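Participant: File follows, entry02.tsv with TSV, C-alpha atoms and all ligand atoms:
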```tsv
chain	number	residue	atom	x	y	z
K	396	MET	CA	1.88	47.87	-72.33
K	397	SER	CA	4.78	48.63	-69.97
K	398	LYS	CA	7.92	46.66	-70.67
K	399	LEU	CA	8.72	46.76	-66.96
K	400	LEU	CA	8.30	43.68	-64.77
K	401	THR	CA	8.48	45.59	-61.49
K	402	LYS	CA	7.17	48.76	-59.88
K	403	ALA	CA	9.01	50.90	-57.35
K	404	ALA	CA	7.94	49.93	-53.83
K	405	SER	CA	8.23	53.58	-52.79
K	406	PRO	CA	8.55	56.86	-54.71
K	407	PRO	CA	11.90	58.51	-55.39
K	408	PRO	CA	13.17	60.69	-52.49
K	409	VAL	CA	13.42	63.72	-54.76
K	410	GLN	CA	12.66	64.31	-58.45
K	411	LEU	CA	14.16	65.99	-61.49
K	412	PRO	CA	12.07	68.66	-63.24
K	413	SER	CA	10.23	67.40	-66.32
K	414	ARG	CA	11.87	68.03	-69.71
K	415	LYS	CA	10.64	70.97	-71.78
K	416	GLN	CA	9.81	70.35	-75.44
K	417	SER	CA	12.45	72.93	-76.34
K	418	ALA	CA	15.16	71.24	-74.24
K	419	HIS	CA	18.65	70.75	-75.67
K	420	LYS	CA	21.58	68.70	-74.38
K	421	GLY	CA	23.15	71.79	-72.78
K	422	ASN	CA	20.23	71.85	-70.35
K	423	PHE	CA	21.27	68.51	-68.88
K	424	GLY	CA	24.89	69.06	-67.95
K	425	ARG	CA	28.33	68.41	-69.36
K	426	VAL	CA	30.06	65.86	-67.12
K	427	LEU	CA	33.45	64.18	-67.04
K	428	LEU	CA	34.44	60.79	-65.63
K	429	VAL	CA	38.14	60.21	-64.84
K	430	GLY	CA	39.55	56.72	-64.36
K	431	GLY	CA	40.30	53.41	-65.98
K	432	SER	CA	43.56	51.59	-66.52
K	433	ARG	CA	44.76	48.63	-68.58
K	434	GLY	CA	42.74	45.71	-67.26
K	435	MET	CA	40.01	47.95	-65.80
K	436	ALA	CA	38.71	49.86	-68.83
K	437	GLY	CA	35.24	48.51	-68.15
K	438	SER	CA	34.80	50.34	-64.83
K	439	ILE	CA	35.14	53.86	-66.24
K	440	SER	CA	33.02	52.85	-69.24
K	441	LEU	CA	30.24	51.65	-66.92
K	442	SER	CA	30.43	54.97	-65.01
K	443	SER	CA	30.48	57.11	-68.16
K	444	ILE	CA	27.62	55.36	-69.94
K	445	ALA	CA	25.62	55.36	-66.72
K	446	ALA	CA	25.93	59.16	-66.69
K	447	LEU	CA	24.36	59.20	-70.15
K	448	HIS	CA	21.55	56.83	-69.11
K	449	ALA	CA	20.84	59.02	-66.08
K	450	GLY	CA	20.16	61.92	-68.42
K	451	ALA	CA	23.38	63.93	-68.76
K	452	GLY	CA	23.52	65.94	-71.98
K	453	LEU	CA	27.23	65.48	-72.71
K	454	VAL	CA	29.62	62.93	-71.18
K	455	SER	CA	33.37	62.57	-71.62
K	456	ALA	CA	35.71	59.97	-70.16
K	457	ALA	CA	39.30	61.04	-69.40
K	458	VAL	CA	41.30	57.83	-69.52
K	459	PRO	CA	44.90	56.63	-69.89
K	460	ASP	CA	45.79	56.76	-73.58
K	461	ALA	CA	46.44	53.01	-73.56
K	462	VAL	CA	42.74	52.20	-72.97
K	463	LEU	CA	41.13	55.00	-74.98
K	464	GLU	CA	40.05	52.82	-77.89
K	465	SER	CA	38.59	50.20	-75.56
K	466	VAL	CA	36.57	52.81	-73.66
K	467	ALA	CA	35.49	54.69	-76.78
K	468	GLY	CA	34.36	51.43	-78.32
K	469	PHE	CA	31.76	50.81	-75.65
K	470	HIS	CA	29.38	53.60	-76.75
K	471	PRO	CA	29.42	56.01	-79.73
K	472	ALA	CA	27.77	58.84	-77.74
K	473	LEU	CA	30.64	58.86	-75.24
K	474	MET	CA	33.46	61.32	-75.89
K	475	THR	CA	36.95	60.48	-74.67
K	476	ILE	CA	40.01	62.44	-73.56
K	477	PRO	CA	43.37	60.62	-73.79
K	478	LEU	CA	45.72	61.35	-70.88
K	479	PRO	CA	49.39	60.43	-70.55
K	480	CYS	CA	49.96	57.00	-69.08
K	481	ASP	CA	52.70	54.72	-67.90
K	482	SER	CA	52.34	51.10	-68.92
K	483	ALA	CA	48.87	50.68	-67.40
K	484	GLU	CA	47.79	53.74	-65.36
K	485	PHE	CA	47.78	57.56	-65.57
K	486	SER	CA	51.30	59.00	-65.53
K	487	GLN	CA	52.37	62.01	-63.43
K	488	LEU	CA	51.79	64.18	-66.51
K	489	ALA	CA	48.07	63.37	-66.60
K	490	TRP	CA	46.95	66.07	-64.15
K	491	SER	CA	48.79	68.92	-65.91
K	492	GLU	CA	47.12	67.78	-69.14
K	493	LEU	CA	43.63	67.46	-67.60
K	494	ARG	CA	43.57	70.67	-65.58
K	495	SER	CA	43.20	72.78	-68.74
K	496	ARG	CA	40.16	70.71	-69.80
K	497	LEU	CA	37.94	71.41	-66.78
K	498	SER	CA	36.31	74.70	-67.78
K	499	ASP	CA	32.50	74.68	-68.30
K	500	LEU	CA	32.10	71.21	-66.79
K	501	SER	CA	29.08	70.81	-64.53
K	502	ALA	CA	30.44	67.83	-62.57
K	503	VAL	CA	33.36	65.39	-62.44
K	504	GLY	CA	33.46	61.81	-61.16
K	505	CYS	CA	36.84	60.21	-60.43
K	506	GLY	CA	38.22	56.86	-59.36
K	507	PRO	CA	36.70	53.79	-61.01
K	508	GLY	CA	39.40	51.45	-62.22
K	509	MET	CA	41.99	54.20	-61.87
K	510	GLY	CA	44.65	52.48	-59.80
K	511	THR	CA	46.52	54.23	-56.99
K	512	GLY	CA	49.84	55.12	-58.62
K	513	ALA	CA	51.57	58.51	-58.62
K	514	GLY	CA	49.55	59.78	-61.59
K	515	SER	CA	46.26	58.89	-59.91
K	516	ARG	CA	47.35	60.65	-56.71
K	517	LEU	CA	48.15	63.89	-58.54
K	518	LEU	CA	44.77	63.74	-60.31
K	519	VAL	CA	42.84	63.24	-57.05
K	520	LYS	CA	44.71	66.04	-55.29
K	521	GLY	CA	44.22	68.37	-58.27
K	522	LEU	CA	40.49	67.67	-58.57
K	523	LEU	CA	39.93	68.01	-54.81
K	524	SER	CA	41.60	71.45	-55.01
K	525	GLN	CA	39.12	72.63	-57.67
K	526	LYS	CA	36.57	73.69	-55.06
K	527	LYS	CA	34.13	75.28	-57.52
K	528	LEU	CA	33.70	71.99	-59.40
K	529	PRO	CA	31.12	69.43	-58.17
K	530	LEU	CA	33.10	66.24	-57.53
K	531	VAL	CA	32.34	62.57	-56.92
K	532	LEU	CA	35.16	60.36	-55.60
K	533	ASP	CA	34.85	56.58	-55.69
K	534	ALA	CA	36.95	53.41	-55.66
K	535	ASP	CA	40.67	54.07	-56.19
K	536	ALA	CA	40.22	57.81	-55.67
K	537	ILE	CA	38.99	56.97	-52.15
K	538	ASN	CA	41.84	54.48	-51.72
K	539	VAL	CA	44.26	57.31	-52.63
K	540	LEU	CA	42.66	59.50	-49.94
K	541	SER	CA	43.25	56.69	-47.43
K	542	MET	CA	46.85	56.15	-48.50
K	543	GLU	CA	47.73	59.84	-48.46
K	544	GLY	CA	45.66	60.80	-45.40
K	545	TRP	CA	44.44	63.90	-47.19
K	546	LEU	CA	41.15	63.99	-45.27
K	547	ASP	CA	42.89	63.97	-41.89
K	548	ASP	CA	42.95	67.76	-41.88
K	549	GLU	CA	40.58	70.33	-43.34
K	550	GLN	CA	42.60	71.49	-46.37
K	551	PHE	CA	40.07	69.90	-48.72
K	552	ALA	CA	36.95	70.83	-46.76
K	553	ARG	CA	34.16	72.35	-48.88
K	554	SER	CA	32.38	75.46	-47.56
K	555	ASP	CA	28.72	76.14	-48.31
K	556	GLU	CA	29.96	78.53	-51.02
K	557	ASP	CA	32.02	75.76	-52.65
K	558	ALA	CA	30.72	73.11	-55.00
K	559	PRO	CA	29.76	69.77	-53.37
K	560	CYS	CA	32.04	66.79	-52.94
K	561	VAL	CA	30.41	63.34	-52.71
K	562	LEU	CA	32.23	60.17	-51.61
K	563	THR	CA	30.75	56.80	-52.60
K	564	PRO	CA	32.72	54.17	-50.65
K	565	HIS	CA	31.71	50.58	-50.20
K	566	PRO	CA	32.29	49.33	-46.63
K	567	GLY	CA	35.79	48.11	-47.41
K	568	GLU	CA	36.81	51.48	-48.83
K	569	LEU	CA	35.22	53.31	-45.89
K	570	GLN	CA	37.10	51.08	-43.44
K	571	ARG	CA	40.39	52.00	-45.11
K	572	LEU	CA	39.46	55.67	-44.98
K	573	THR	CA	38.16	55.86	-41.40
K	574	ASN	CA	39.10	52.61	-39.62
K	575	ALA	CA	35.39	52.02	-38.99
K	576	SER	CA	34.91	48.26	-39.41
K	577	ALA	CA	33.22	47.18	-42.64
K	578	LYS	CA	31.20	44.78	-40.52
K	579	ASP	CA	29.79	47.48	-38.24
K	580	VAL	CA	27.13	49.55	-40.03
K	581	SER	CA	26.54	51.96	-37.16
K	582	ALA	CA	30.27	52.61	-36.74
K	583	GLN	CA	30.51	53.26	-40.47
K	584	LEU	CA	27.55	55.65	-40.41
K	585	GLN	CA	29.11	57.49	-37.46
K	586	ALA	CA	32.40	57.75	-39.36
K	587	ALA	CA	30.52	59.09	-42.37
K	588	GLU	CA	28.79	61.67	-40.17
K	589	GLU	CA	32.19	62.80	-38.91
K	590	LEU	CA	33.38	63.34	-42.49
K	591	VAL	CA	30.24	65.36	-43.20
K	592	ARG	CA	30.63	67.44	-40.07
K	593	ARG	CA	34.34	68.13	-40.54
K	594	LEU	CA	34.59	68.51	-44.34
K	595	ASN	CA	31.02	69.33	-45.41
K	596	PHE	CA	31.17	66.35	-47.81
K	597	THR	CA	28.25	64.06	-48.62
K	598	VAL	CA	28.89	60.33	-48.14
K	599	VAL	CA	27.12	57.38	-49.76
K	600	VAL	CA	27.79	54.33	-47.58
K	601	LYS	CA	27.07	51.62	-50.12
K	602	GLY	CA	25.69	48.28	-49.09
K	603	GLY	CA	22.45	46.36	-48.69
K	604	PRO	CA	20.80	48.80	-48.14
K	605	SER	CA	22.87	51.87	-48.90
K	606	HIS	CA	22.73	55.03	-46.80
K	607	VAL	CA	23.30	58.67	-47.77
K	608	VAL	CA	24.83	60.84	-45.06
K	609	GLY	CA	24.89	64.60	-45.52
K	610	ARG	CA	23.55	68.00	-44.62
K	611	SER	CA	20.20	69.13	-45.89
K	612	PRO	CA	20.72	72.03	-48.32
K	613	GLY	CA	19.37	75.50	-47.81
K	614	ASP	CA	19.80	77.01	-44.38
K	615	ALA	CA	23.57	77.39	-43.86
K	616	ASN	CA	22.94	77.57	-40.13
K	617	ASP	CA	21.21	74.21	-40.19
K	618	THR	CA	24.02	71.91	-39.20
K	619	THR	CA	21.87	68.82	-38.71
K	620	ILE	CA	23.21	65.77	-40.48
K	621	GLN	CA	20.74	63.53	-42.25
K	622	VAL	CA	21.22	59.75	-42.47
K	623	TRP	CA	18.90	58.52	-45.23
K	624	GLN	CA	18.35	54.80	-45.89
K	625	ASN	CA	17.60	53.63	-49.43
K	626	THR	CA	14.47	51.62	-50.15
K	627	THR	CA	15.55	49.93	-53.40
K	628	GLY	CA	18.22	47.39	-54.42
K	629	ASN	CA	18.91	43.72	-53.86
K	630	PRO	CA	21.77	41.20	-53.39
K	631	GLY	CA	21.89	40.57	-57.13
K	632	MET	CA	23.77	43.88	-57.21
K	633	ALA	CA	26.72	42.31	-55.39
K	634	THR	CA	28.45	41.95	-58.73
K	635	ALA	CA	31.53	43.59	-60.28
K	636	GLY	CA	30.94	47.07	-61.66
K	637	CYS	CA	27.67	47.89	-59.90
K	638	GLY	CA	29.37	50.61	-57.86
K	639	ASP	CA	31.02	52.02	-60.97
K	640	VAL	CA	27.53	52.44	-62.45
K	641	LEU	CA	26.41	54.37	-59.36
K	642	THR	CA	29.39	56.75	-59.63
K	643	GLY	CA	28.21	57.76	-63.09
K	644	VAL	CA	24.64	58.30	-61.93
K	645	VAL	CA	25.67	60.54	-59.01
K	646	THR	CA	27.95	62.56	-61.29
K	647	SER	CA	25.17	62.87	-63.88
K	648	LEU	CA	22.59	64.16	-61.37
K	649	LEU	CA	25.04	66.65	-59.84
K	650	GLY	CA	25.71	67.81	-63.39
K	651	GLN	CA	21.95	68.28	-63.92
K	652	GLY	CA	21.87	70.73	-61.06
K	653	LEU	CA	20.71	68.72	-58.05
K	654	ASP	CA	22.38	69.54	-54.75
K	655	ALA	CA	24.66	66.88	-53.24
K	656	MET	CA	22.11	65.30	-50.91
K	657	ALA	CA	19.39	65.17	-53.60
K	658	ALA	CA	21.78	63.86	-56.27
K	659	ALA	CA	23.15	61.16	-53.99
K	660	GLN	CA	19.73	60.04	-52.72
K	661	LEU	CA	18.10	59.98	-56.15
K	662	ALA	CA	21.12	58.22	-57.67
K	663	VAL	CA	21.09	55.51	-55.02
K	664	TRP	CA	17.32	55.13	-55.41
K	665	VAL	CA	17.29	54.83	-59.23
K	666	HIS	CA	20.38	52.58	-59.18
K	667	GLY	CA	18.70	50.18	-56.79
K	668	ARG	CA	15.46	50.47	-58.77
K	669	SER	CA	17.35	49.43	-61.89
K	670	GLY	CA	18.89	46.58	-59.91
K	671	ASP	CA	15.41	45.41	-58.88
K	672	GLU	CA	14.11	45.43	-62.45
K	673	SER	CA	17.30	43.66	-63.60
K	674	ALA	CA	16.84	40.94	-60.98
K	675	ALA	CA	13.25	40.38	-62.18
K	676	ARG	CA	14.31	40.22	-65.82
K	677	HIS	CA	17.22	37.88	-65.19
K	678	SER	CA	18.07	36.47	-61.75
K	679	TYR	CA	19.99	37.53	-58.63
K	680	ALA	CA	22.94	35.34	-59.55
K	681	GLY	CA	22.78	35.95	-63.28
K	682	MET	CA	22.40	39.72	-63.43
K	683	THR	CA	25.48	41.85	-64.05
K	684	ALA	CA	26.39	45.53	-63.79
K	685	LEU	CA	25.76	45.77	-67.55
K	686	HIS	CA	22.11	44.76	-66.97
K	687	VAL	CA	21.79	47.45	-64.27
K	688	LEU	CA	23.38	49.96	-66.65
K	689	GLU	CA	21.09	49.12	-69.59
K	690	THR	CA	17.92	48.92	-67.50
K	691	LEU	CA	18.55	52.49	-66.34
K	692	ALA	CA	17.45	53.52	-69.84
K	693	ASP	CA	14.02	51.93	-69.24
K	694	ILE	CA	13.34	53.45	-65.82
K	695	ALA	CA	15.19	56.79	-65.86
K	696	ASP	CA	11.96	58.78	-66.31
K	697	GLU	CA	10.79	57.55	-62.89
K	698	MET	CA	13.26	60.16	-61.55
K	699	THR	CA	11.25	62.94	-63.15
K	700	SER	CA	8.08	64.57	-61.93
K	701	ASP	CA	5.12	64.03	-64.25
K	801	LIG	N1	35.26	45.87	-64.79
K	801	LIG	C1	36.09	46.63	-64.10
K	801	LIG	O1	36.96	47.32	-64.66
K	801	LIG	C2	35.96	46.67	-62.61
K	801	LIG	C3	36.84	47.45	-61.92
K	801	LIG	N2	36.73	47.63	-60.58
K	801	LIG	C4	37.69	48.50	-59.92
K	801	LIG	O2	38.55	47.69	-59.12
K	801	LIG	C5	39.16	48.53	-58.15
K	801	LIG	C6	39.11	47.81	-56.83
K	801	LIG	O3	37.76	47.84	-56.35
K	801	LIG	P1	37.10	46.57	-55.61
K	801	LIG	O4	35.91	47.07	-54.84
K	801	LIG	O5	36.83	45.53	-56.62
K	801	LIG	O6	38.23	45.99	-54.65
K	801	LIG	P2	38.71	46.54	-53.21
K	801	LIG	O7	38.92	48.01	-53.21
K	801	LIG	O8	39.84	45.69	-52.81
K	801	LIG	O9	37.47	46.26	-52.23
K	801	LIG	C7	36.93	44.95	-52.11
K	801	LIG	C8	37.26	44.45	-50.71
K	801	LIG	O10	36.70	45.33	-49.73
K	801	LIG	C9	36.23	44.54	-48.59
K	801	LIG	N3	34.81	44.70	-48.32
K	801	LIG	C10	34.25	44.56	-47.11
K	801	LIG	N4	32.93	44.76	-47.15
K	801	LIG	C11	32.64	45.01	-48.43
K	801	LIG	C12	31.42	45.30	-49.12
K	801	LIG	N5	30.24	45.35	-48.47
K	801	LIG	N6	31.45	45.52	-50.44
K	801	LIG	C13	32.64	45.45	-51.10
K	801	LIG	N7	33.85	45.18	-50.50
K	801	LIG	C14	33.83	44.97	-49.18
K	801	LIG	C15	36.50	43.11	-48.95
K	801	LIG	O11	37.78	42.82	-48.40
K	801	LIG	P3	37.92	41.48	-47.55
K	801	LIG	O12	36.85	41.55	-46.50
K	801	LIG	O13	37.67	40.39	-48.58
K	801	LIG	O14	39.32	41.57	-47.06
K	801	LIG	C16	36.63	43.11	-50.46
K	801	LIG	O15	37.47	42.08	-50.92
K	801	LIG	C17	38.37	49.85	-58.14
K	801	LIG	O16	39.08	50.86	-58.82
K	801	LIG	C18	37.12	49.50	-58.94
K	801	LIG	O17	36.58	50.62	-59.62
K	801	LIG	C19	35.63	47.06	-59.82
K	801	LIG	O18	34.63	48.03	-59.78
K	801	LIG	C20	35.11	45.80	-60.46
K	801	LIG	C21	34.87	45.93	-61.94
K	802	LIG	N1	23.18	43.03	-50.97
K	802	LIG	C1	23.02	44.18	-51.61
K	802	LIG	N2	21.85	44.84	-51.58
K	802	LIG	C2	21.69	46.02	-52.23
K	802	LIG	N3	22.67	46.63	-52.94
K	802	LIG	C3	23.85	46.01	-52.99
K	802	LIG	C4	24.10	44.77	-52.34
K	802	LIG	N4	25.40	44.42	-52.60
K	802	LIG	C5	25.93	45.40	-53.35
K	802	LIG	N5	25.01	46.34	-53.60
K	802	LIG	C6	25.22	47.59	-54.32
K	802	LIG	O1	26.08	47.35	-55.43
K	802	LIG	C7	27.10	48.37	-55.48
K	802	LIG	C8	28.46	47.73	-55.23
K	802	LIG	O2	29.43	48.75	-55.24
K	802	LIG	P1	30.99	48.35	-55.33
K	802	LIG	O3	31.32	47.36	-54.28
K	802	LIG	O4	31.74	49.64	-55.36
K	802	LIG	O5	31.06	47.63	-56.73
K	802	LIG	P2	32.19	47.74	-57.87
K	802	LIG	O6	33.35	48.49	-57.28
K	802	LIG	O7	32.50	46.34	-58.22
K	802	LIG	O8	31.57	48.49	-58.99
K	802	LIG	C9	26.74	49.39	-54.41
K	802	LIG	O9	25.95	50.43	-54.95
K	802	LIG	C10	25.95	48.56	-53.41
K	802	LIG	O10	25.02	49.35	-52.68
K	803	MG	MG	33.45	50.13	-56.30
```
Represent the structure of the file as C-alpha cells.

Facilitator:
Amino acid sequence: MSKLLTKAASPPPVQLPSRKQSAHKGNFGRVLLVGGSRGMAGSISLSSIAALHAGAGLVSAAVPDAVLESVAGFHPALMTIPLPCDSAEFSQLAWSELRSRLSDLSAVGCGPGMGTGAGSRLLVKGLLSQKKLPLVLDADAINVLSMEGWLDDEQFARSDEDAPCVLTPHPGELQRLTNASAKDVSAQLQAAEELVRRLNFTVVVKGGPSHVVGRSPGDANDTTIQVWQNTTGNPGMATAGCGDVLTGVVTSLLGQGLDAMAAAQLAVWVHGRSGDESAARHSYAGMTALHVLETLADIADEMTSD
C-alpha cells in the first residue's frame, strides 16, 4: 500500500537511469554545497541534505568553522569542511582554503545562507572561474553577483566545452541581478533569456509556477532558448528554506550527470512534487521546508525510469 497521498499530475520532464544492482555511491556523484553563516546554518543544511535525498552518492558541506557543528549535527551522512570565518561569515581566507578541495567533485552549489561579505565574494568569484566544474549559484551568491556586477561582461560566460552554470534566483534576487521587476513575469523571463544568450547559463526563475530558461543540449549550433514551465508545486512552498532545498536538488542532479537543462527541470519538478505531497500530508500553512526535504525521500524514485 503506497504511503503517498498524492500522484504526480504529469510525468517528470526527463528521467534518471534506473539503478543497477551493482551500483555503488561513486556512481551517483560527489557534490559539495558551500554556504551558511552564524544564524543561517539551516539553509546550507537543507541544501546539503536535499542533495542526499535527491540521490547523490557523497555530499559535503563547506561552511564557516563557527557553524560546522550545527551543520554536521543535522545529518550523520553529511560530511563537512570547516572554512576560515570572521565572527559570522566566511573570511577572506576561505577561498584559498577551499580551492585545493575541489578536485574530483562532480558539482558544487553555492550561496544559501552565505552572506555577502568579502569572504563570500572571493568564494563566488573563485568558483565562477572554475569553468570545468558544474556550478549552481543561489541566494547570497546571486546577491554577490548583483553587488559586484560580475555578469555585466562575458568574463564568466561558459562555452559549450565548459561545465554548466545554473542560477536559481527567486524574483527578488533576479530583480537585483537584472532590474527586471519581480512583479513582471514576462520581463523576468526575458531577462533570464538574455543571461542564457550572453553567458550560456541556465536560469531557474523560481515562483508559482517556476520556469527553467536555457538552451537544449546537444547541437552546439542550436541556439534556440527554451522556456519551460513547471507543472508541480503549490503556495504552501512559500516558506523559509524551500529554495535552499531546491539548490541541493539541482546540484545533486548535475552531479549525477544530467545536463544543465535536464537537471534544472527535473529538480524543479521533483521539488514541487515533494511540496504537493507535503501539502497533502500537512497543510499549505503548516508545511515547512523540512517537510519538503523529508518527503523527497519518499518520492525520489519517481525521477527514475522504471
Ligand atoms: N533557515 C535559514 O538559514 C534560511 C536562510 N535563508 C537565507 O537568507 C538569505 C536571504 O534570502 P531571502 O530570500 O530570505 O531574502 P532576500 O534575498 O532579501 O529576498 C526576499 C525579498 O525578495 C523580494 N521578493 C519579491 N518577490 C519575491 C518572491 N516571489 N519570492 C521571494 N522574494 C521575493 C521581497 O522583497 P520586498 O518585495 O519585500 O521588498 C522579499 O522580501 C539567503 O542567503 C537565504 O539562503 C533563507 O533561505 C530562509 C531560511
Ligand atoms: N506560490 C508558490 N507556488 C509554487 N512554488 C512556490 C510558491 N512560492 C514559493 N515557491 C517555491 O518555493 C521556493 C522558494 O524559494 P526561495 O524564495 O529562494 O526560498 P528560501 O530562500 O527561503 O529557501 C522556490 O522553489 C519557489 O518556486
Ligand atoms: Mg532562496

Participant: To one decimal place, how far is atom CA of K:Ala418 from atom CA of K:Ile694 in Å?

Facilitator: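 Those two atoms sit 19.8 Å apart.
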
Participant: Neighbouring residues of ligand LIG 802 (chain K) are defined here as those with any atom at most 7 Å from a ligand atom, counting all atoms listed in the file; list them as a list in words.

Facilitator: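 Taking all atoms listed in the file into account, the residues around ligand LIG 802 (chain K) at most 7 Å away are Ser438, Ala534, Pro564, His565, Lys601, Gly602, Gly603, Pro604, Ser605, Gly628, Asn629, Pro630, Gly631, Met632, Ala633, Thr634, Ala635, Gly636, Cys637, Gly638, Asp639, Val640, Leu641 and Gly667 of chain K.
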
Participant: Produce as number ranges by chain the set of residues near ligand LIG 801 (chain K), where near means within 10 Å with only C-alpha atoms and all ligand atoms considered.

Facilitator: K: 430-442, 505-511, 533-538, 564-571, 576-580, 600-603, 605, 633-640, 642, 684-685

Participant: Mind listing as JSON, numbers by chain all residues within 12 Å of (35.5, 51.5, -76.1), counting all atoms listed in the file?

Facilitator: {"K": [431, 435, 436, 437, 438, 439, 440, 441, 443, 444, 456, 458, 460, 461, 462, 463, 464, 465, 466, 467, 468, 469, 470, 471, 472, 473, 474, 475]}

Participant: My list of candidates is K:Pro612, K:Val598, K:Leu532, K:Leu540. Which is closest to ligand MG 803 (chain K) when distances are computed with only C-alpha atoms and all ligand atoms?

Facilitator: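 Selected residue with least distance to ligand MG 803 (chain K): K:Leu532.
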
Participant: For a quick check of understanding, using all atoms listed in the file, which of K:Ala483, K:Ala662, K:Ala403, K:Val531 has the smallest distance to K:Val503?

Facilitator: K:Val531

Participant: Within 8 Å of K:Gly512, counting all atoms listed in the file, which residues show up once you throw out same-chain ones fewer than 3 positions away? Write them as a list in words, please.

Facilitator: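 Answer for this query is Glu484, Phe485, Ser515 and Arg516 of chain K.
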
Participant: Determine, counting only C-alpha atoms, which protein, DNA and RNA residues have an atom within 9 Å of an atom of K:Gln410; residues of the same chain fewer than 2 positions away are not included. Present the result as a ChimeraX atom specification.

Facilitator: /K:407-408,412-413,657,661,697-700

Participant: Please produce a file of those selected residues containing C-alpha atoms, as a PDB file, in the frame of the given file.

Facilitator:
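Final output, saved to again_39.pdb:
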```pdb
ATOM      1  CA  PRO K 407      11.900  58.510 -55.390  1.00  0.00           C
ATOM      2  CA  PRO K 408      13.170  60.690 -52.490  1.00  0.00           C
ATOM      3  CA  PRO K 412      12.070  68.660 -63.240  1.00  0.00           C
ATOM      4  CA  SER K 413      10.230  67.400 -66.320  1.00  0.00           C
ATOM      5  CA  ALA K 657      19.390  65.170 -53.600  1.00  0.00           C
ATOM      6  CA  LEU K 661      18.100  59.980 -56.150  1.00  0.00           C
ATOM      7  CA  GLU K 697      10.790  57.550 -62.890  1.00  0.00           C
ATOM      8  CA  MET K 698      13.260  60.160 -61.550  1.00  0.00           C
ATOM      9  CA  THR K 699      11.250  62.940 -63.150  1.00  0.00           C
ATOM     10  CA  SER K 700       8.080  64.570 -61.930  1.00  0.00           C
TER      11      SER K 700
END
```

Participant: Measuring between only C-alpha atoms and all ligand atoms, which one of K:Gly514, K:Val599, K:Val519, K:Leu649 shows the shortest distance to ligand MG 803 (chain K)?

Facilitator: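 Ranked by minimum distance to ligand MG 803 (chain K), first place goes to K:Val599.
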
Participant: Ranking K:Thr563, K:Gln651, K:Thr690, K:Ser673 by minimum distance to ligand MG 803 (chain K) and counting all atoms listed in the file, which one comes first?

Facilitator: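 Closest candidate: K:Thr563.
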
Participant: Stretch 401-413 of chain K, all listed atoms, 5 Å padding on each side: what axis-aligned box centre and edge lengths in Å to one decimal come out, as AutoDock Vina command-line options?

Facilitator:
```
--center_x 10.7 --center_y 57.1 --center_z -59.4 --size_x 17.0 --size_y 33.1 --size_z 23.8
```

Participant: Using only C-alpha atoms and all ligand atoms, find the one residue out of K:Met656, K:Val591, K:Leu562, K:Met682 that sits nearest to ligand MG 803 (chain K).

Facilitator: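 Looking at the shortest contact to ligand MG 803 (chain K), the residue is K:Leu562.
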
Participant: Between atom CA of K:Glu689 and atom CA of K:His419, measure the distance and give it in Å to one decimal.

Facilitator: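 For atom CA of K:Glu689 relative to atom CA of K:His419, the distance reads 22.6 Å.
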